[in-house]
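Remarks on the structure that follows.
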Amino acid sequence: MRALSLLLVLGFLTVLSVASCVVIPLERAFPLNGRVELSQLVARDQLRHSRMLQGLVGGVVDFSVQGTSDPYLVGLYFTKVKLGSPPREFNVQIDTGSDILWVTCSSCTDCPQSSGLGIQLSLFDTTSSSSARLVPCSDPMCSSEYQTTATQCSQSNQCSYSFQYGDGSGTSGYYVADMLSFDAVMGQSSIANSSALIVFGCSTYQSGDLTKTDKAVDGIFGFGRGDLSVISQLSSRGITPRVFSHCLKGDGSGGGIMVLGAIMEPSIVYSPLVPSQPHYNLMLQSIAVNGQLLQIDPSVFATSSNRGTIVDSGTTLAYLVQEAYDPFVIAITATVSPSVTPTISKGNQCYLVAASVSQIFPLVSLNFASGASMMLKPEDYLIRSGFYDGATMWCIGFQKVQGGISILGDLVLKDKIFVYDLAHQRIGWANYDCSLSVNVSITSSKDFINEGQLSLSSSTKEMLFKLIPLSFITFLIQLLELVEFQFL
């Protein structure tokens with residue numbers, strides 16, 4: 001019996017080591033129609049921000065993610081997840097502004113039946129999964145410890161949720177516990193199937209933007225800071241570290257890498273998260289254009305209930321409070337005026353440019369707490385808006401906010417590694433070509449990789465079982481022997 005116990009323990013350790021890194025594809029889809037005006041991007045972001053502000057006063061919010069700032073190609077970052085037994089594949093949007101993973105239920109009413117993104121929509125059916133379990137009201141997840149305005153107890157004793165947003169859209173449904181399947185990467189070429197039990201939402205009703213077929217997907221994958229997010233669920237059980245990373249490609253082909261784990265890059269700099277905030281708030285302190293600090297009162301960036309600076313992968317453009325926006329645009333215009341023709345187009349500050357913007361426009365530095373600076377190339381704050389009189393029109397992609405919150409969306413986040421290190425309450429970043437492979441640390445736990453090539457740094461190739469204390473192995477053997485005794 002002891003030999004059998006040892007074999008079971010070794011099998012357990014093998015599973016742990018196999019599940020060190022998870023690979024699923026990350027894609028960016030584009031609508032079938034062509035050009036989209038800058039004003040439409042702004043309108044879309046404004047709807048999203050109204051929902052984010054509602055979340056600041058206690059609501060749990062949920063948004064779609066569009067992953068490009070190019071007005072010619074409005075994209076949508078999404079990934080594929082496998083749920084249930086046997087596993088079924090679902091396309092879900094990536095969103096750092098909400099917590100919950102949810103997919104559309106087979107019983108959903110007023111839900112899209114087709115998608116303009118060229119993908120086949122799928123429905124989750126609890127009766128078709130042998131491992132699915134409805135979450136009852138007595139489950140700790142439905143208790144006051146996790147209780148939010150979105151979590152409620154139905155008359156049928158099911159733990160359910162309801163998200164209602166300021167723009168009229170929303171979703172409601174109930175929570176399900178089932179298996180999330182993924183490919184576990186042990187090393188540079190070894191891949192094995194693995195799975196973990198998670199709780200996610202099964203949507204039975206959708207309204208507003210969520211019902212539109214032009215950008216419909218199967219659900220939303222929330223990467224927020226709450227206890228119900230997948231990253232929180234998995235890290236609390238030691239299945240993944242409490243950190244995730246992304247590298248979003250900014251060119252027309254889109255795509256990129258999404259990692260439940262830490263991307264390793266020597267040039268990454270970190271800045272602390274503002275504590276006790278529902279979103280990913282950073283402490284922006286100053287802005288420099290062409291190496292010259294702008295005259296901005298730092299208090300305009302201070303975090304409060306309705307002010308601060310948020311990193312949000314679901315916002316297409318970027319937004320600055322007026323006290324920072326005005327000197328920013330003035331400085332850019334003054335720097336490039338001898339070489340370009342400034343013009344106003346539909347209320348936006350634009351420039352007619354005959355040469356490459358990288359040769360004319362200055363670098364911009366966003367300076368955060370702990371001495372961490374984010375360097376922006378011209379393509380990180382400009383939007384190409386078409387052609388006029390033989391020149392290319394480029395417009396400032398940052399939008400003015402009358403008070404409120406500054407938001408760094410995909411215009412700024414693209415072509416950079418971003419690491420959300422929740423364990424140490426910080427965010428790190430580095431400029432990077434997101435079409436290249438990345439190094440991912442696998443020493444402390446398992447990592448969840450979405451698309452792209454994976455390479456492991458030479459210092460992180462140790463097998464996970466080497467990190468497990470011998471006393472823990474002994475405990476497992478004794479536990480298994482006790483179980484065997486009970487069944488004699």
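Letters A, B, ... mark the chains of the structure tokens in the order given; residue numbers begin at 1 per chain; ligand numbers begin at 1, in order shown.
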Which polymer residues have any atom within 9 Å of an atom of range 125-141 of chain A, counting only C-alpha atoms, with same-chain residues fewer than 4 positions away left out, as an mmCIF file with N, CA, C and O atoms, in the first residue's frame?
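Contents of the output file part.cif:
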```cif
data_model
loop_
_atom_site.group_PDB
_atom_site.id
_atom_site.type_symbol
_atom_site.label_atom_id
_atom_site.label_comp_id
_atom_site.auth_asym_id
_atom_site.auth_seq_id
_atom_site.Cartn_x
_atom_site.Cartn_y
_atom_site.Cartn_z
ATOM 1 N N LEU A 83 -14.266 25.122 -21.499
ATOM 2 C CA LEU A 83 -15.035 24.909 -20.277
ATOM 3 C C LEU A 83 -15.844 23.622 -20.376
ATOM 4 O O LEU A 83 -16.348 23.264 -21.443
ATOM 5 N N GLY A 84 -15.986 22.949 -19.224
ATOM 6 C CA GLY A 84 -16.857 21.783 -19.142
ATOM 7 C C GLY A 84 -16.150 20.466 -19.413
ATOM 8 O O GLY A 84 -14.964 20.409 -19.708
ATOM 9 N N SER A 85 -16.942 19.382 -19.322
ATOM 10 C CA SER A 85 -16.462 18.024 -19.581
ATOM 11 C C SER A 85 -17.508 17.297 -20.435
ATOM 12 O O SER A 85 -18.609 17.022 -19.955
ATOM 13 N N PRO A 86 -17.202 16.981 -21.684
ATOM 14 C CA PRO A 86 -15.942 17.284 -22.374
ATOM 15 C C PRO A 86 -15.799 18.780 -22.623
ATOM 16 O O PRO A 86 -16.802 19.512 -22.663
ATOM 17 N N PRO A 87 -14.554 19.260 -22.794
ATOM 18 C CA PRO A 87 -14.333 20.707 -22.949
ATOM 19 C C PRO A 87 -14.965 21.241 -24.232
ATOM 20 O O PRO A 87 -14.897 20.604 -25.289
ATOM 21 N N CYS A 105 -25.371 31.351 -21.781
ATOM 22 C CA CYS A 105 -26.041 30.083 -21.481
ATOM 23 C C CYS A 105 -26.953 29.672 -22.640
ATOM 24 O O CYS A 105 -27.435 30.517 -23.405
ATOM 25 N N SER A 106 -27.210 28.386 -22.717
ATOM 26 C CA SER A 106 -28.105 27.876 -23.768
ATOM 27 C C SER A 106 -29.519 28.407 -23.602
ATOM 28 O O SER A 106 -30.287 28.462 -24.563
ATOM 29 N N SER A 107 -29.887 28.814 -22.384
ATOM 30 C CA SER A 107 -31.238 29.323 -22.127
ATOM 31 C C SER A 107 -31.332 30.841 -22.226
ATOM 32 O O SER A 107 -32.351 31.424 -21.852
ATOM 33 N N GLU A 145 -18.648 37.359 2.394
ATOM 34 C CA GLU A 145 -17.232 37.582 2.116
ATOM 35 C C GLU A 145 -17.003 38.002 0.674
ATOM 36 O O GLU A 145 -16.134 38.789 0.367
ATOM 37 N N TYR A 146 -17.811 37.458 -0.215
ATOM 38 C CA TYR A 146 -17.685 37.776 -1.632
ATOM 39 C C TYR A 146 -18.829 38.658 -2.122
ATOM 40 O O TYR A 146 -18.874 39.012 -3.292
ATOM 41 N N GLN A 147 -19.750 38.976 -1.245
ATOM 42 C CA GLN A 147 -20.983 39.638 -1.661
ATOM 43 C C GLN A 147 -20.711 40.991 -2.304
ATOM 44 O O GLN A 147 -19.961 41.805 -1.791
ATOM 45 N N GLN A 152 -26.272 37.693 -5.936
ATOM 46 C CA GLN A 152 -27.540 37.631 -5.223
ATOM 47 C C GLN A 152 -28.011 36.183 -5.140
ATOM 48 O O GLN A 152 -27.471 35.304 -5.813
ATOM 49 N N CYS A 153 -28.992 35.944 -4.326
ATOM 50 C CA CYS A 153 -29.532 34.596 -4.143
ATOM 51 C C CYS A 153 -30.930 34.539 -4.744
ATOM 52 O O CYS A 153 -31.795 35.349 -4.401
ATOM 53 N N SER A 154 -31.123 33.599 -5.672
ATOM 54 C CA SER A 154 -32.418 33.498 -6.339
ATOM 55 C C SER A 154 -33.378 32.648 -5.517
ATOM 56 O O SER A 154 -32.993 31.957 -4.576
ATOM 57 N N SER A 156 -34.725 30.004 -6.386
ATOM 58 C CA SER A 156 -34.457 28.583 -6.611
ATOM 59 C C SER A 156 -33.172 28.134 -5.929
ATOM 60 O O SER A 156 -32.630 27.080 -6.261
ATOM 61 N N ASN A 157 -32.677 28.955 -4.993
ATOM 62 C CA ASN A 157 -31.481 28.630 -4.213
ATOM 63 C C ASN A 157 -30.222 28.577 -5.070
ATOM 64 O O ASN A 157 -29.265 27.868 -4.765
ATOM 65 N N GLN A 158 -30.205 29.333 -6.174
ATOM 66 C CA GLN A 158 -29.018 29.427 -7.020
ATOM 67 C C GLN A 158 -28.335 30.765 -6.784
ATOM 68 O O GLN A 158 -29.004 31.802 -6.682
ATOM 69 N N CYS A 159 -27.024 30.735 -6.700
ATOM 70 C CA CYS A 159 -26.250 31.970 -6.592
ATOM 71 C C CYS A 159 -26.212 32.626 -7.965
ATOM 72 O O CYS A 159 -25.710 32.044 -8.929
ATOM 73 N N SER A 160 -26.779 33.799 -8.064
ATOM 74 C CA SER A 160 -26.925 34.445 -9.367
ATOM 75 C C SER A 160 -26.298 35.831 -9.351
ATOM 76 O O SER A 160 -25.816 36.312 -8.334
ATOM 77 N N TYR A 174 -26.558 33.017 -13.676
ATOM 78 C CA TYR A 174 -26.246 32.326 -12.428
ATOM 79 C C TYR A 174 -24.825 31.767 -12.513
ATOM 80 O O TYR A 174 -24.243 31.613 -13.588
ATOM 81 N N TYR A 175 -24.269 31.459 -11.340
ATOM 82 C CA TYR A 175 -22.902 30.965 -11.274
ATOM 83 C C TYR A 175 -22.859 29.448 -11.399
ATOM 84 O O TYR A 175 -23.717 28.730 -10.885
ATOM 85 N N VAL A 176 -21.825 28.977 -12.092
ATOM 86 C CA VAL A 176 -21.587 27.558 -12.320
ATOM 87 C C VAL A 176 -20.161 27.230 -11.898
ATOM 88 O O VAL A 176 -19.240 28.026 -12.122
ATOM 89 N N ALA A 177 -19.966 26.081 -11.293
ATOM 90 C CA ALA A 177 -18.623 25.559 -11.024
ATOM 91 C C ALA A 177 -18.356 24.438 -12.019
ATOM 92 O O ALA A 177 -19.127 23.481 -12.110
ATOM 93 N N ASP A 178 -17.280 24.585 -12.788
ATOM 94 C CA ASP A 178 -16.950 23.573 -13.793
ATOM 95 C C ASP A 178 -15.463 23.668 -14.123
ATOM 96 O O ASP A 178 -14.756 24.548 -13.621
ATOM 97 N N MET A 179 -15.011 22.785 -14.984
ATOM 98 C CA MET A 179 -13.592 22.679 -15.285
ATOM 99 C C MET A 179 -13.164 23.654 -16.381
ATOM 100 O O MET A 179 -13.845 23.789 -17.403
ATOM 101 N N VAL A 199 -15.233 28.900 -10.799
ATOM 102 C CA VAL A 199 -16.607 29.391 -10.801
ATOM 103 C C VAL A 199 -16.715 30.508 -11.837
ATOM 104 O O VAL A 199 -15.878 31.418 -11.869
ATOM 105 N N CYS A 202 -22.981 32.073 -16.035
ATOM 106 C CA CYS A 202 -23.718 31.544 -17.183
ATOM 107 C C CYS A 202 -24.845 32.543 -17.475
ATOM 108 O O CYS A 202 -25.821 32.641 -16.724
ATOM 109 N N LEU A 228 -13.611 37.196 -7.309
ATOM 110 C CA LEU A 228 -14.257 36.272 -8.227
ATOM 111 C C LEU A 228 -13.564 36.167 -9.574
ATOM 112 O O LEU A 228 -13.968 35.360 -10.412
#
```
**Report entry** Test item: residues at most 8 Å from Val230 in chain A, only C-alpha atoms, excluding those fewer than 6 positions along its chain, as number ranges by chain
**Finding:** A: 99-101, 198-199, 222-223
Query raised in the report: So which residues of range 328-406 of chain A fall under helix (DSSP H, G or I) by DSSP, listed as a list in words?
Result: Phe328, Val329, Ile330, Ala331, Ile332, Thr333, Ala334, Thr335, Val336, Val357, Ser358, Gln359, Ile360, Ala369, Ser370, Gly371, Pro378, Glu379 and Asp380 of chain A
Mind running range 241-284 of chain A against range 410-415 of chain A at 9 Å and telling me each contacting residue's nearest atom pair with the distance in Å (one decimal), counting only C-alpha atoms, chain and number ascending, as a tab-separated table?
```
residue	atom	partner	partner_atom	distance
A:Cys247	CA	A:Asp415	CA	6.5
A:Leu248	CA	A:Lys414	CA	5.1
A:Lys249	CA	A:Asp415	CA	5.4
A:Gly250	CA	A:Lys414	CA	5.2
A:Asp251	CA	A:Asp415	CA	8.6
```
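Once Ile427 in chain A and its same-chain neighbours fewer than 4 positions away are set aside, Tyr270, Ser271, Val419, Tyr420 and Asp421 of chain A remain within 6 Å of it when counting only C-alpha atoms.
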Take the residues that were just selected and, keeping N, CA and C atoms, output them as a compact mmCIF listing (two decimals), in the first residue's frame.
```txt
# COMPACT_ATOMS: atom_id res chain seq x y z
N TYR A 270 8.67 49.17 -12.68
CA TYR A 270 7.45 48.98 -11.90
C TYR A 270 7.07 50.24 -11.14
N SER A 271 5.74 50.41 -11.01
CA SER A 271 5.20 51.49 -10.19
C SER A 271 4.09 50.90 -9.32
N VAL A 419 2.84 43.97 -16.97
CA VAL A 419 2.78 42.95 -15.94
C VAL A 419 1.96 43.49 -14.77
N TYR A 420 0.86 42.82 -14.44
CA TYR A 420 -0.01 43.21 -13.33
C TYR A 420 0.34 42.31 -12.15
N ASP A 421 1.25 42.76 -11.32
CA ASP A 421 1.78 41.97 -10.21
C ASP A 421 0.93 42.25 -8.96
```
Requested in this report: Find the residues around Ala288 in chain A up to 7 Å (only C-alpha atoms counted), leave out those fewer than 2 positions away in its own chain, and share them as a PyMOL selection string.
Outcome: chain A and resi 286+290-294+364-366
